[in-house]
file protein16.txt (compact mmCIF, C-alpha atoms)
# COMPACT_ATOMS: atom_id res chain seq x y z
CA MET A 111 114.27 117.59 99.23
CA LYS A 112 111.77 114.74 99.28
CA VAL A 113 109.81 113.53 102.30
CA SER A 114 107.32 110.72 102.82
CA VAL A 115 103.79 111.35 104.04
CA GLY A 116 102.23 109.96 107.21
CA VAL A 117 98.47 110.46 107.45
CA SER A 118 97.09 110.97 110.97
CA ASN A 119 93.51 109.91 111.49
CA ARG A 120 91.70 111.37 114.50
CA HIS A 121 93.31 110.09 117.72
CA VAL A 122 93.70 110.65 121.44
CA HIS A 123 96.71 111.03 123.74
CA LEU A 124 96.13 110.46 127.46
CA ASN A 125 97.97 111.27 130.66
CA GLN A 126 98.12 108.49 133.28
CA GLU A 127 95.43 110.05 135.46
CA ASP A 128 92.90 110.29 132.59
CA LEU A 129 93.84 106.81 131.33
CA GLU A 130 92.84 105.46 134.74
CA VAL A 131 89.56 107.44 134.75
CA LEU A 132 88.64 105.95 131.37
CA PHE A 133 90.03 102.41 131.71
CA GLY A 134 90.52 101.71 135.41
CA LYS A 135 93.08 102.04 138.22
CA ASP A 136 96.73 101.32 137.35
CA TYR A 137 95.85 100.68 133.70
CA GLN A 138 98.92 100.40 131.46
CA LEU A 139 98.96 101.11 127.71
CA ASN A 140 99.65 98.14 125.46
CA ASN A 141 101.77 98.53 122.29
CA ILE A 142 100.09 96.67 119.42
CA SER A 143 102.25 98.25 116.70
CA ASN A 144 105.00 100.81 116.48
CA LEU A 145 104.34 104.11 114.71
CA ASN A 146 107.11 105.58 112.55
CA GLN A 147 108.09 108.15 115.20
CA PRO A 148 110.49 106.44 117.65
CA GLY A 149 108.80 105.39 120.90
CA GLN A 150 105.27 106.17 119.67
CA PHE A 151 102.80 103.33 119.27
CA LYS A 152 99.25 102.29 118.51
CA THR A 153 97.35 100.77 121.46
CA ASP A 154 94.44 98.33 121.51
CA LEU A 155 92.22 101.00 123.08
CA VAL A 156 89.51 103.10 121.51
CA VAL A 157 87.29 105.76 123.05
CA THR A 158 84.22 107.73 122.03
CA ILE A 159 84.59 111.49 121.69
CA LYS A 160 81.41 113.43 122.30
CA THR A 161 79.88 116.89 122.28
CA GLU A 162 76.33 118.16 122.75
CA LYS A 163 75.84 117.94 118.98
CA SER A 164 77.24 114.53 118.11
CA GLU A 165 79.79 111.83 118.83
CA ILE A 166 82.47 109.79 117.05
CA LYS A 167 83.12 106.23 118.19
CA ASN A 168 86.25 104.08 117.89
CA VAL A 169 88.82 106.86 118.18
CA ARG A 170 92.24 105.27 118.69
CA VAL A 171 94.35 105.95 121.79
CA LEU A 172 98.06 106.31 120.97
CA GLY A 173 100.91 105.60 123.36
CA PRO A 174 102.92 106.17 125.44
CA VAL A 175 101.06 108.22 128.06
CA ARG A 176 101.91 111.92 127.89
CA GLU A 177 101.98 114.80 130.35
CA TYR A 178 98.72 116.05 128.82
CA THR A 179 95.51 114.61 127.44
CA GLN A 180 94.75 115.72 123.89
CA VAL A 181 92.18 114.93 121.20
CA GLU A 182 93.28 115.55 117.60
CA ILE A 183 90.57 115.75 114.95
CA SER A 184 90.10 117.06 111.40
CA LYS A 185 87.95 120.03 110.34
CA THR A 186 85.49 117.51 108.87
CA ASP A 187 85.20 115.88 112.31
CA ALA A 188 84.90 119.34 113.88
CA TYR A 189 81.83 120.16 111.75
CA LYS A 190 80.24 116.86 112.74
CA LEU A 191 80.90 117.57 116.42
CA GLY A 192 79.94 121.25 116.25
CA LEU A 193 83.39 122.40 117.38
CA ASN A 194 85.81 125.02 116.09
CA PRO A 195 89.19 123.87 117.42
CA PRO A 196 92.33 125.91 116.80
CA ILE A 197 95.13 124.71 114.46
CA ARG A 198 97.91 123.84 116.88
CA ASN A 199 101.14 122.15 117.79
CA SER A 200 100.70 119.07 119.91
CA GLY A 201 100.57 120.08 123.60
CA ASP A 202 99.52 123.69 122.94
CA LEU A 203 96.05 123.47 124.45
CA GLU A 204 95.31 127.08 125.42
CA ASP A 205 91.86 128.00 124.00
CA SER A 206 91.44 124.52 122.60
CA SER A 207 87.91 123.09 122.40
CA LYS A 208 86.10 121.36 125.24
CA ILE A 209 85.24 117.74 124.50
CA THR A 210 84.05 114.67 126.39
CA ILE A 211 85.96 111.38 126.21
CA LEU A 212 84.09 108.17 127.07
CA GLY A 213 85.83 104.95 128.11
CA PRO A 214 84.52 101.69 129.53
CA ASN A 215 85.37 102.72 133.11
CA GLY A 216 84.35 106.39 133.08
CA SER A 217 84.34 109.66 131.22
CA LEU A 218 85.94 113.08 131.42
CA THR A 219 85.28 116.47 129.87
CA LYS A 220 88.14 118.90 129.30
CA GLN A 221 89.48 121.60 127.07
CA CYS A 222 91.89 119.49 125.01
CA CYS A 223 90.70 119.25 121.39
CA ILE A 224 92.80 120.66 118.54
CA ILE A 225 93.33 120.30 114.82
CA ALA A 226 97.04 119.46 114.47
CA ASN A 227 99.02 121.79 112.25
CA ARG A 228 100.81 120.43 109.20
CA HIS A 229 104.27 119.40 110.41
CA ILE A 230 107.45 117.57 109.50
CA HIS A 231 109.33 115.45 112.04
CA ILE A 232 113.03 116.05 111.45
CA LEU A 233 116.38 115.40 113.12
CA PRO A 234 118.69 118.30 114.06
CA SER A 235 121.30 116.80 111.70
CA GLN A 236 118.78 116.87 108.83
CA VAL A 237 117.91 120.49 109.59
CA LYS A 238 121.60 121.29 109.13
CA LEU A 239 122.00 119.08 106.06
CA TYR A 240 119.02 120.65 104.29
CA ASP A 241 119.96 124.19 105.33
CA LEU A 242 116.74 124.72 107.29
CA ASP A 243 118.23 126.44 110.36
CA ASN A 244 116.00 129.25 111.65
CA VAL A 245 113.38 128.47 109.02
CA GLY A 246 110.60 127.25 111.33
CA LYS A 247 108.22 126.34 108.57
CA VAL A 248 108.28 125.33 104.93
CA ASN A 249 105.97 124.78 101.99
CA VAL A 250 105.38 121.38 100.43
CA LEU A 251 104.76 120.63 96.75
CA ILE A 252 102.20 117.88 96.15
CA PRO A 253 102.03 116.24 92.72
CA GLY A 254 98.95 114.75 91.07
CA GLU A 255 95.48 115.43 89.81
CA LYS A 256 94.48 117.21 93.03
CA GLY A 257 97.94 118.46 93.86
CA GLY A 258 99.27 121.87 94.76
CA ILE A 259 101.37 123.55 97.38
CA ILE A 260 100.55 123.55 101.09
CA THR A 261 101.90 126.33 103.32
CA ASN A 262 102.57 126.67 107.06
CA VAL A 263 104.20 123.25 107.41
CA TYR A 264 106.05 123.43 110.75
CA LEU A 265 109.40 121.72 111.39
CA LYS A 266 109.31 119.65 114.57
CA VAL A 267 112.96 119.14 115.35
CA ALA A 268 113.81 116.33 117.80
CA SER A 269 116.79 114.08 118.34
CA GLN A 270 114.49 111.05 118.17
CA SER A 271 112.69 111.58 114.85
CA PHE A 272 111.73 109.74 111.72
CA PHE A 273 111.77 112.22 108.81
CA GLU A 274 108.12 112.39 107.81
CA LEU A 275 105.38 114.90 106.88
CA HIS A 276 102.30 114.50 109.07
CA LEU A 277 98.97 115.51 107.54
CA ASP A 278 95.44 115.10 108.83
CA THR A 279 92.86 113.16 106.81
CA ASP A 280 91.39 116.35 105.31
CA ASP A 281 94.72 117.41 103.84
CA ALA A 282 95.51 113.86 102.74
CA ASN A 283 92.13 113.19 101.13
CA ALA A 284 91.88 116.62 99.49
CA HIS A 285 95.23 115.99 97.80
CA LEU A 286 94.67 112.23 97.20
CA LEU A 287 97.67 111.38 99.39
CA LYS A 288 98.22 108.14 101.32
CA SER A 289 100.82 107.26 103.96
CA GLY A 290 104.11 106.49 102.24
CA ASP A 291 103.56 108.83 99.28
CA ILE A 292 106.50 111.08 98.45
CA VAL A 293 106.25 114.86 98.25
CA GLU A 294 108.75 117.71 98.00
CA ILE A 295 109.76 120.35 100.54
CA ILE A 296 110.13 123.90 99.23
CA LYS A 297 111.72 126.56 101.38
CA GLU A 298 109.43 129.52 101.98
CA GLU A 299 110.41 132.77 100.37
CA LYS A 300 111.39 135.21 103.07
CA MET B 254 91.59 138.08 89.94
CA LYS B 255 89.42 137.16 92.93
CA VAL B 256 86.68 134.57 92.99
CA SER B 257 84.27 133.39 95.68
CA VAL B 258 84.13 129.80 96.87
CA GLY B 259 81.14 127.47 96.67
CA VAL B 260 81.53 124.26 98.66
CA SER B 261 79.76 121.20 97.18
CA ASN B 262 78.77 118.55 99.66
CA ARG B 263 78.07 115.04 98.28
CA HIS B 264 74.97 115.13 96.03
CA VAL B 265 73.06 113.35 93.30
CA HIS B 266 71.81 114.38 89.85
CA LEU B 267 69.05 112.24 88.30
CA ASN B 268 67.60 111.73 84.86
CA GLN B 269 63.79 111.56 84.64
CA GLU B 270 63.75 107.77 84.25
CA ASP B 271 65.84 107.18 87.39
CA LEU B 272 63.88 109.84 89.32
CA GLU B 273 60.73 107.82 88.62
CA VAL B 274 62.40 104.53 89.67
CA LEU B 275 63.40 106.09 93.01
CA PHE B 276 60.38 108.30 93.73
CA GLY B 277 57.48 107.06 91.57
CA LYS B 278 55.88 107.50 88.15
CA ASP B 279 55.69 111.06 86.74
CA TYR B 280 57.55 112.45 89.78
CA GLN B 281 58.60 116.09 89.31
CA LEU B 282 61.51 117.77 91.15
CA ASN B 283 60.57 120.54 93.55
CA ASN B 284 62.78 123.67 93.88
CA ILE B 285 63.20 124.50 97.58
CA SER B 286 66.05 126.98 97.03
CA ASN B 287 68.08 128.28 94.12
CA LEU B 288 71.78 127.47 93.89
CA ASN B 289 74.15 130.18 92.69
CA GLN B 290 74.46 128.62 89.22
CA PRO B 291 71.49 129.89 87.12
CA GLY B 292 68.71 127.29 86.80
CA GLN B 293 70.22 124.89 89.34
CA PHE B 294 68.37 124.24 92.57
CA LYS B 295 68.16 122.24 95.78
CA THR B 296 65.22 119.82 96.00
CA ASP B 297 63.40 118.45 99.05
CA LEU B 298 64.59 114.93 98.16
CA VAL B 299 67.34 112.85 99.73
CA VAL B 300 68.51 109.34 98.85
CA THR B 301 70.81 106.76 100.40
CA ILE B 302 73.95 105.82 98.45
CA LYS B 303 75.20 102.33 99.10
CA THR B 304 77.98 99.87 98.31
CA GLU B 305 78.81 96.40 99.61
CA LYS B 306 81.03 98.02 102.25
CA SER B 307 78.86 100.82 103.62
CA GLU B 308 76.20 103.43 102.97
CA ILE B 309 75.62 107.16 103.37
CA LYS B 310 72.11 108.41 104.10
CA ASN B 311 70.49 111.79 103.42
CA VAL B 312 72.36 112.62 100.21
CA ARG B 313 70.66 115.61 98.57
CA VAL B 314 69.17 115.41 95.08
CA LEU B 315 69.84 118.57 93.04
CA GLY B 316 67.66 119.82 90.17
CA PRO B 317 66.71 120.14 87.41
CA VAL B 318 66.73 116.58 86.01
CA ARG B 319 69.69 115.96 83.71
CA GLU B 320 70.37 113.71 80.73
CA TYR B 321 72.44 111.50 83.05
CA THR B 322 72.31 110.23 86.62
CA GLN B 323 75.45 111.04 88.62
CA VAL B 324 76.62 110.71 92.23
CA GLU B 325 79.32 113.17 93.34
CA ILE B 326 81.25 112.34 96.52
CA SER B 327 84.52 113.29 98.22
CA LYS B 328 87.58 111.07 98.68
CA THR B 329 86.64 110.83 102.38
CA ASP B 330 83.22 109.47 101.37
CA ALA B 331 84.93 107.15 98.86
CA TYR B 332 87.04 105.54 101.63
CA LYS B 333 83.91 105.02 103.72
CA LEU B 334 82.13 103.39 100.78
CA GLY B 335 85.16 101.38 99.61
CA LEU B 336 85.19 103.07 96.20
CA ASN B 337 87.94 104.62 94.10
CA PRO B 338 86.06 107.01 91.77
CA PRO B 339 87.92 109.02 89.14
CA ILE B 340 88.34 112.82 89.36
CA ARG B 341 86.01 114.06 86.63
CA ASN B 342 84.01 116.74 84.91
CA SER B 343 80.29 116.46 85.51
CA GLY B 344 78.79 114.10 82.92
CA ASP B 345 82.05 112.29 82.12
CA LEU B 346 81.06 108.89 83.53
CA GLU B 347 83.30 106.47 81.59
CA ASP B 348 85.06 104.20 84.11
CA SER B 349 83.24 105.88 86.98
CA SER B 350 82.40 103.77 90.05
CA LYS B 351 79.34 101.56 90.37
CA ILE B 352 77.02 102.58 93.19
CA THR B 353 73.49 101.84 94.39
CA ILE B 354 70.97 104.63 94.97
CA LEU B 355 68.00 103.92 97.26
CA GLY B 356 64.79 105.95 97.18
CA PRO B 357 61.39 105.40 98.85
CA ASN B 358 59.92 103.86 95.67
CA GLY B 359 62.83 101.71 94.46
CA SER B 360 66.55 101.46 93.90
CA LEU B 361 69.03 101.33 91.04
CA THR B 362 72.67 100.37 90.64
CA LYS B 363 74.80 101.97 87.95
CA GLN B 364 78.24 103.16 87.06
CA CYS B 365 77.79 106.86 87.83
CA CYS B 366 79.92 107.85 90.83
CA ILE B 367 82.72 110.42 90.49
CA ILE B 368 84.75 112.88 92.52
CA ALA B 369 84.17 116.25 90.83
CA ASN B 370 87.30 118.04 89.71
CA ARG B 371 88.08 121.49 91.08
CA HIS B 372 86.37 123.94 88.72
CA ILE B 373 85.40 127.55 88.19
CA HIS B 374 82.09 128.50 86.59
CA ILE B 375 82.76 131.46 84.31
CA LEU B 376 81.06 133.47 81.56
CA PRO B 377 82.64 133.70 78.07
CA SER B 378 82.84 137.48 78.59
CA GLN B 379 84.81 136.96 81.83
CA VAL B 380 87.19 134.55 80.08
CA LYS B 381 87.96 137.37 77.62
CA LEU B 382 88.12 140.06 80.30
CA TYR B 383 90.58 138.06 82.43
CA ASP B 384 92.65 136.95 79.41
CA LEU B 385 91.97 133.25 80.02
CA ASP B 386 91.33 132.20 76.39
CA ASN B 387 92.79 128.78 75.61
CA VAL B 388 93.94 128.38 79.20
CA GLY B 389 91.64 125.51 80.19
CA LYS B 390 92.76 125.38 83.79
CA VAL B 391 94.27 127.65 86.41
CA ASN B 392 95.78 127.56 89.88
CA VAL B 393 94.13 129.15 92.89
CA LEU B 394 95.89 130.81 95.82
CA ILE B 395 94.23 130.16 99.18
CA PRO B 396 95.12 132.37 102.15
CA GLY B 397 95.12 131.38 105.80
CA GLU B 398 96.59 129.06 108.38
CA LYS B 399 95.99 125.99 106.21
CA GLY B 400 96.30 127.78 102.90
CA GLY B 401 98.34 127.11 99.81
CA ILE B 402 97.91 126.79 96.08
CA ILE B 403 95.60 124.27 94.41
CA THR B 404 96.32 123.16 90.85
CA ASN B 405 94.20 121.65 88.05
CA VAL B 406 91.26 123.99 88.57
CA TYR B 407 89.23 123.68 85.35
CA LEU B 408 87.37 126.58 83.75
CA LYS B 409 83.76 125.66 82.98
CA VAL B 410 82.72 128.29 80.49
CA ALA B 411 78.98 128.72 79.95
CA SER B 412 76.76 131.62 78.88
CA GLN B 413 74.60 131.02 81.98
CA SER B 414 77.16 131.11 84.80
CA PHE B 415 77.74 132.64 88.17
CA PHE B 416 81.49 133.24 88.60
CA GLU B 417 82.41 130.84 91.41
CA LEU B 418 85.06 128.26 92.40
CA HIS B 419 83.50 124.90 93.24
CA LEU B 420 85.38 122.72 95.71
CA ASP B 421 84.39 119.47 97.37
CA THR B 422 84.25 119.21 101.17
CA ASP B 423 87.74 117.65 101.35
CA ASP B 424 89.35 120.60 99.58
CA ALA B 425 87.24 123.08 101.54
CA ASN B 426 87.87 121.53 104.96
CA ALA B 427 91.58 120.90 104.34
CA HIS B 428 92.02 124.60 103.56
CA LEU B 429 89.50 125.85 106.17
CA LEU B 430 87.33 127.39 103.43
CA LYS B 431 83.58 128.04 103.59
CA SER B 432 81.14 129.03 100.88
CA GLY B 433 81.48 132.74 100.21
CA ASP B 434 85.17 132.96 101.09
CA ILE B 435 87.31 134.85 98.58
CA VAL B 436 90.41 133.35 96.93
CA GLU B 437 92.67 134.38 94.07
CA ILE B 438 93.08 132.89 90.61
CA ILE B 439 96.65 132.54 89.33
CA LYS B 440 97.31 131.69 85.70
CA GLU B 441 99.33 128.50 85.27
CA GLU B 442 102.83 128.91 83.92
CA LYS B 443 102.97 127.37 80.46

call {"tool": "encode", "arguments": {"input": "protein16.txt", "output": "structure tokens"}}
result
Amino acid sequence: MKVSVGVSNRHVHLNQEDLEVLFGKDYQLNNISNLNQPGQFKTDLVVTIKTEKSEIKNVRVLGPVREYTQVEISKTDAYKLGLNPPIRNSGDLEDSSKITILGPNGSLTKQCCIIANRHIHILPSQVKLYDLDNVGKVNVLIPGEKGGIITNVYLKVASQSFFELHLDTDDANAHLLKSGDIVEIIKEEK
Amino acid sequence: MKVSVGVSNRHVHLNQEDLEVLFGKDYQLNNISNLNQPGQFKTDLVVTIKTEKSEIKNVRVLGPVREYTQVEISKTDAYKLGLNPPIRNSGDLEDSSKITILGPNGSLTKQCCIIANRHIHILPSQVKLYDLDNVGKVNVLIPGEKGGIITNVYLKVASQSFFELHLDTDDANAHLLKSGDIVEIIKEEK
């Protein structure tokens, strides 16, 4: 059961209200290139993310707007910023870390920073095909000089999905993986 | 078979000749704190490492002086610097990446940049005790939310050793490990 890798660099999702705080009234996101997940896209916008300790500039805003604003970073970024964000599913922001987002039109500070968990986007039909019903999470075998097995890889089942393993830059760089590399899903022993 | 983790941030080893180029004639390294490996220490010196693409400041020089000059970085650093260094044992610098080192007294450019392989410092007596003769490398089981198994972990057997798994910051951060954390050695299947 092979799957291709998509590496997620640090990025920001915005709701419409926060988009307008950062970029101005009635601002609309602009699709400059499609991401592999249907409907998701890269915008021409970047923001600065900031804490009392430090800041990171040029963090990409992804589209479309969501119901929630969320900052996704790596553990390496978290050390730089002096944060300890939880490992989470997108949208699960309870007890996430407080962070400031700076745009050209304004700034906002909210509890919305997480480290995304390792996850695989998958169609319901593929879940059936690969016999992954009621599995929830899998392991993934990574070949190569700095390979291994990563655990706690969550299945994100949605009817609009491109089958892909999403890893943050720490996981990708530690294992010498790039977007488009092929790895193998292993079912967890129960 | 448990072992504690030591995380290695990017650092530089220097030979006496290069130390003098960077810091001045007859310069001697100053031990500001012992590292866990016997005889190895942190110095009060930092250098800048530089390529055509970028640079990283405040890279620590470790002591004592060695027979060879070597820059050890992570894959994350390598992307920033635009390099593609090989994964290597310390001192194995054939086909390593060319890099410039800047000190207060001068600079030098040489082929001496690697990404250190995952390795365990171990005494000959521990190799015997743990039945690891002729094994060469092992796997390591890492617990936790971003855990897994890492492969190609080389045994570095020396009569002056502190038993410790050395990981770079990519491996450590990807697996949410800090120095002093405890992980488990698994013998590779032959």

call {"tool": "atom_distance", "arguments": {"input": "protein16.txt", "atom1": "CA of Thr353 in chain B", "atom2": "CA of Asn284 in chain B"}}
result
24.3 Å

call {"tool": "closest_residue", "arguments": {"input": "protein16.txt", "among": "B:Ile340, B:Leu288, B:Ile354, B:Ile438", "to": "Val260 in chain B", "atoms": "all atoms listed in the file"}}
result
B:Leu288

call {"tool": "calpha_fit_and_write", "arguments": {"input": "protein16.txt", "fixed": "chain B", "moving": "chain A", "output": "short mmCIF file (atom, residue, chain, number, x, y, z; two decimals) with C-alpha atoms, keeping the file's coordinate frame"}}
result
data_model
loop_
_atom_site.label_atom_id
_atom_site.label_comp_id
_atom_site.auth_asym_id
_atom_site.auth_seq_id
_atom_site.Cartn_x
_atom_site.Cartn_y
_atom_site.Cartn_z
CA MET A 111 91.57 138.07 89.94
CA LYS A 112 89.43 137.16 92.93
CA VAL A 113 86.67 134.55 93.00
CA SER A 114 84.26 133.39 95.68
CA VAL A 115 84.13 129.79 96.86
CA GLY A 116 81.12 127.48 96.68
CA VAL A 117 81.52 124.25 98.64
CA SER A 118 79.76 121.19 97.17
CA ASN A 119 78.76 118.54 99.65
CA ARG A 120 78.08 115.06 98.27
CA HIS A 121 75.00 115.14 96.02
CA VAL A 122 73.08 113.35 93.29
CA HIS A 123 71.81 114.38 89.86
CA LEU A 124 69.06 112.24 88.32
CA ASN A 125 67.61 111.74 84.86
CA GLN A 126 63.79 111.56 84.64
CA GLU A 127 63.75 107.78 84.25
CA ASP A 128 65.84 107.18 87.41
CA LEU A 129 63.89 109.84 89.33
CA GLU A 130 60.74 107.83 88.63
CA VAL A 131 62.41 104.54 89.68
CA LEU A 132 63.40 106.10 93.01
CA PHE A 133 60.38 108.31 93.73
CA GLY A 134 57.50 107.07 91.60
CA LYS A 135 55.89 107.51 88.17
CA ASP A 136 55.72 111.05 86.76
CA TYR A 137 57.55 112.47 89.79
CA GLN A 138 58.61 116.10 89.32
CA LEU A 139 61.52 117.77 91.15
CA ASN A 140 60.59 120.55 93.55
CA ASN A 141 62.79 123.67 93.89
CA ILE A 142 63.22 124.51 97.58
CA SER A 143 66.06 126.99 97.02
CA ASN A 144 68.08 128.29 94.13
CA LEU A 145 71.78 127.46 93.91
CA ASN A 146 74.17 130.17 92.69
CA GLN A 147 74.47 128.63 89.21
CA PRO A 148 71.50 129.88 87.13
CA GLY A 149 68.71 127.30 86.81
CA GLN A 150 70.24 124.90 89.35
CA PHE A 151 68.38 124.23 92.58
CA LYS A 152 68.19 122.24 95.79
CA THR A 153 65.24 119.83 96.01
CA ASP A 154 63.43 118.44 99.05
CA LEU A 155 64.61 114.93 98.16
CA VAL A 156 67.34 112.85 99.72
CA VAL A 157 68.53 109.35 98.86
CA THR A 158 70.83 106.76 100.38
CA ILE A 159 73.95 105.83 98.44
CA LYS A 160 75.21 102.33 99.09
CA THR A 161 77.97 99.87 98.30
CA GLU A 162 78.81 96.40 99.61
CA LYS A 163 81.02 98.02 102.25
CA SER A 164 78.86 100.81 103.62
CA GLU A 165 76.21 103.43 102.96
CA ILE A 166 75.63 107.17 103.37
CA LYS A 167 72.12 108.41 104.10
CA ASN A 168 70.50 111.79 103.40
CA VAL A 169 72.38 112.62 100.21
CA ARG A 170 70.68 115.60 98.57
CA VAL A 171 69.18 115.41 95.07
CA LEU A 172 69.82 118.58 93.04
CA GLY A 173 67.66 119.84 90.20
CA PRO A 174 66.71 120.13 87.43
CA VAL A 175 66.74 116.60 86.01
CA ARG A 176 69.69 115.98 83.69
CA GLU A 177 70.38 113.71 80.73
CA TYR A 178 72.45 111.50 83.05
CA THR A 179 72.32 110.24 86.61
CA GLN A 180 75.45 111.04 88.61
CA VAL A 181 76.62 110.71 92.21
CA GLU A 182 79.32 113.16 93.33
CA ILE A 183 81.25 112.33 96.49
CA SER A 184 84.51 113.29 98.21
CA LYS A 185 87.58 111.06 98.68
CA THR A 186 86.64 110.83 102.37
CA ASP A 187 83.22 109.45 101.35
CA ALA A 188 84.94 107.14 98.86
CA TYR A 189 87.04 105.54 101.62
CA LYS A 190 83.92 105.02 103.71
CA LEU A 191 82.14 103.39 100.77
CA GLY A 192 85.14 101.37 99.60
CA LEU A 193 85.19 103.06 96.19
CA ASN A 194 87.94 104.62 94.09
CA PRO A 195 86.07 107.00 91.77
CA PRO A 196 87.92 109.00 89.13
CA ILE A 197 88.34 112.81 89.36
CA ARG A 198 86.03 114.06 86.63
CA ASN A 199 84.01 116.74 84.93
CA SER A 200 80.30 116.45 85.52
CA GLY A 201 78.78 114.10 82.91
CA ASP A 202 82.04 112.29 82.13
CA LEU A 203 81.07 108.90 83.53
CA GLU A 204 83.30 106.50 81.58
CA ASP A 205 85.04 104.20 84.12
CA SER A 206 83.23 105.87 86.98
CA SER A 207 82.39 103.76 90.04
CA LYS A 208 79.34 101.55 90.38
CA ILE A 209 77.02 102.59 93.20
CA THR A 210 73.50 101.84 94.39
CA ILE A 211 70.97 104.63 94.97
CA LEU A 212 68.01 103.93 97.27
CA GLY A 213 64.79 105.94 97.20
CA PRO A 214 61.41 105.41 98.84
CA ASN A 215 59.93 103.87 95.68
CA GLY A 216 62.85 101.73 94.47
CA SER A 217 66.56 101.46 93.91
CA LEU A 218 69.03 101.34 91.05
CA THR A 219 72.66 100.36 90.65
CA LYS A 220 74.79 101.97 87.96
CA GLN A 221 78.24 103.15 87.06
CA CYS A 222 77.79 106.85 87.83
CA CYS A 223 79.92 107.86 90.83
CA ILE A 224 82.72 110.42 90.48
CA ILE A 225 84.75 112.86 92.52
CA ALA A 226 84.17 116.23 90.83
CA ASN A 227 87.29 118.04 89.71
CA ARG A 228 88.08 121.49 91.07
CA HIS A 229 86.37 123.94 88.71
CA ILE A 230 85.39 127.55 88.18
CA HIS A 231 82.07 128.51 86.58
CA ILE A 232 82.76 131.46 84.30
CA LEU A 233 81.07 133.45 81.54
CA PRO A 234 82.64 133.70 78.07
CA SER A 235 82.85 137.48 78.58
CA GLN A 236 84.81 136.96 81.82
CA VAL A 237 87.18 134.56 80.08
CA LYS A 238 87.94 137.37 77.62
CA LEU A 239 88.13 140.06 80.31
CA TYR A 240 90.58 138.06 82.42
CA ASP A 241 92.65 136.95 79.42
CA LEU A 242 91.96 133.26 80.02
CA ASP A 243 91.31 132.22 76.40
CA ASN A 244 92.78 128.79 75.61
CA VAL A 245 93.93 128.38 79.20
CA GLY A 246 91.64 125.49 80.20
CA LYS A 247 92.77 125.38 83.79
CA VAL A 248 94.26 127.66 86.41
CA ASN A 249 95.77 127.56 89.87
CA VAL A 250 94.13 129.15 92.89
CA LEU A 251 95.88 130.82 95.83
CA ILE A 252 94.22 130.15 99.19
CA PRO A 253 95.11 132.37 102.15
CA GLY A 254 95.11 131.37 105.81
CA GLU A 255 96.57 129.06 108.39
CA LYS A 256 95.97 125.99 106.21
CA GLY A 257 96.28 127.79 102.92
CA GLY A 258 98.32 127.11 99.82
CA ILE A 259 97.89 126.79 96.10
CA ILE A 260 95.60 124.26 94.43
CA THR A 261 96.31 123.15 90.85
CA ASN A 262 94.20 121.64 88.06
CA VAL A 263 91.25 123.99 88.56
CA TYR A 264 89.22 123.66 85.34
CA LEU A 265 87.35 126.57 83.73
CA LYS A 266 83.75 125.65 82.97
CA VAL A 267 82.72 128.28 80.48
CA ALA A 268 78.96 128.73 79.93
CA SER A 269 76.75 131.60 78.88
CA GLN A 270 74.60 131.02 81.97
CA SER A 271 77.16 131.12 84.78
CA PHE A 272 77.74 132.65 88.17
CA PHE A 273 81.49 133.24 88.59
CA GLU A 274 82.40 130.85 91.39
CA LEU A 275 85.04 128.27 92.38
CA HIS A 276 83.49 124.90 93.23
CA LEU A 277 85.37 122.72 95.71
CA ASP A 278 84.38 119.47 97.37
CA THR A 279 84.25 119.21 101.17
CA ASP A 280 87.73 117.65 101.35
CA ASP A 281 89.34 120.60 99.59
CA ALA A 282 87.24 123.09 101.55
CA ASN A 283 87.86 121.53 104.96
CA ALA A 284 91.57 120.90 104.34
CA HIS A 285 92.00 124.59 103.55
CA LEU A 286 89.48 125.86 106.17
CA LEU A 287 87.32 127.39 103.43
CA LYS A 288 83.57 128.03 103.59
CA SER A 289 81.12 129.03 100.85
CA GLY A 290 81.47 132.75 100.19
CA ASP A 291 85.17 132.96 101.09
CA ILE A 292 87.32 134.84 98.59
CA VAL A 293 90.39 133.35 96.94
CA GLU A 294 92.66 134.37 94.07
CA ILE A 295 93.08 132.88 90.60
CA ILE A 296 96.65 132.52 89.33
CA LYS A 297 97.30 131.68 85.71
CA GLU A 298 99.32 128.50 85.29
CA GLU A 299 102.82 128.88 83.98
CA LYS A 300 102.98 127.37 80.53
#

call {"tool": "residues_near_point", "arguments": {"input": "protein16.txt", "point": "(82.7, 111.3, 85.9)", "cutoff": "10 Å", "atoms": "all atoms listed in the file", "output": "ChimeraX atom specification"}}
result
/B:323-325,338-350,364-370

call {"tool": "residues_around", "arguments": {"input": "protein16.txt", "residues": "range 265-279 of chain B", "least_positions_apart": "3", "cutoff": "8 Å", "atoms": "only C-alpha atoms", "output": "ChimeraX atom specification"}}
result
/B:312-316,318-325,354-361

call {"tool": "write_last_selection", "arguments": {"input": "protein16.txt", "atoms": "C-alpha atoms", "output": "short mmCIF file (atom, residue, chain, number, x, y, z; two decimals), keeping the file's coordinate frame"}}
result
data_model
loop_
_atom_site.label_atom_id
_atom_site.label_comp_id
_atom_site.auth_asym_id
_atom_site.auth_seq_id
_atom_site.Cartn_x
_atom_site.Cartn_y
_atom_site.Cartn_z
CA VAL B 312 72.36 112.62 100.21
CA ARG B 313 70.66 115.61 98.57
CA VAL B 314 69.17 115.41 95.08
CA LEU B 315 69.84 118.57 93.04
CA GLY B 316 67.66 119.82 90.17
CA VAL B 318 66.73 116.58 86.01
CA ARG B 319 69.69 115.96 83.71
CA GLU B 320 70.37 113.71 80.73
CA TYR B 321 72.44 111.50 83.05
CA THR B 322 72.31 110.23 86.62
CA GLN B 323 75.45 111.04 88.62
CA VAL B 324 76.62 110.71 92.23
CA GLU B 325 79.32 113.17 93.34
CA ILE B 354 70.97 104.63 94.97
CA LEU B 355 68.00 103.92 97.26
CA GLY B 356 64.79 105.95 97.18
CA PRO B 357 61.39 105.40 98.85
CA ASN B 358 59.92 103.86 95.67
CA GLY B 359 62.83 101.71 94.46
CA SER B 360 66.55 101.46 93.90
CA LEU B 361 69.03 101.33 91.04
#
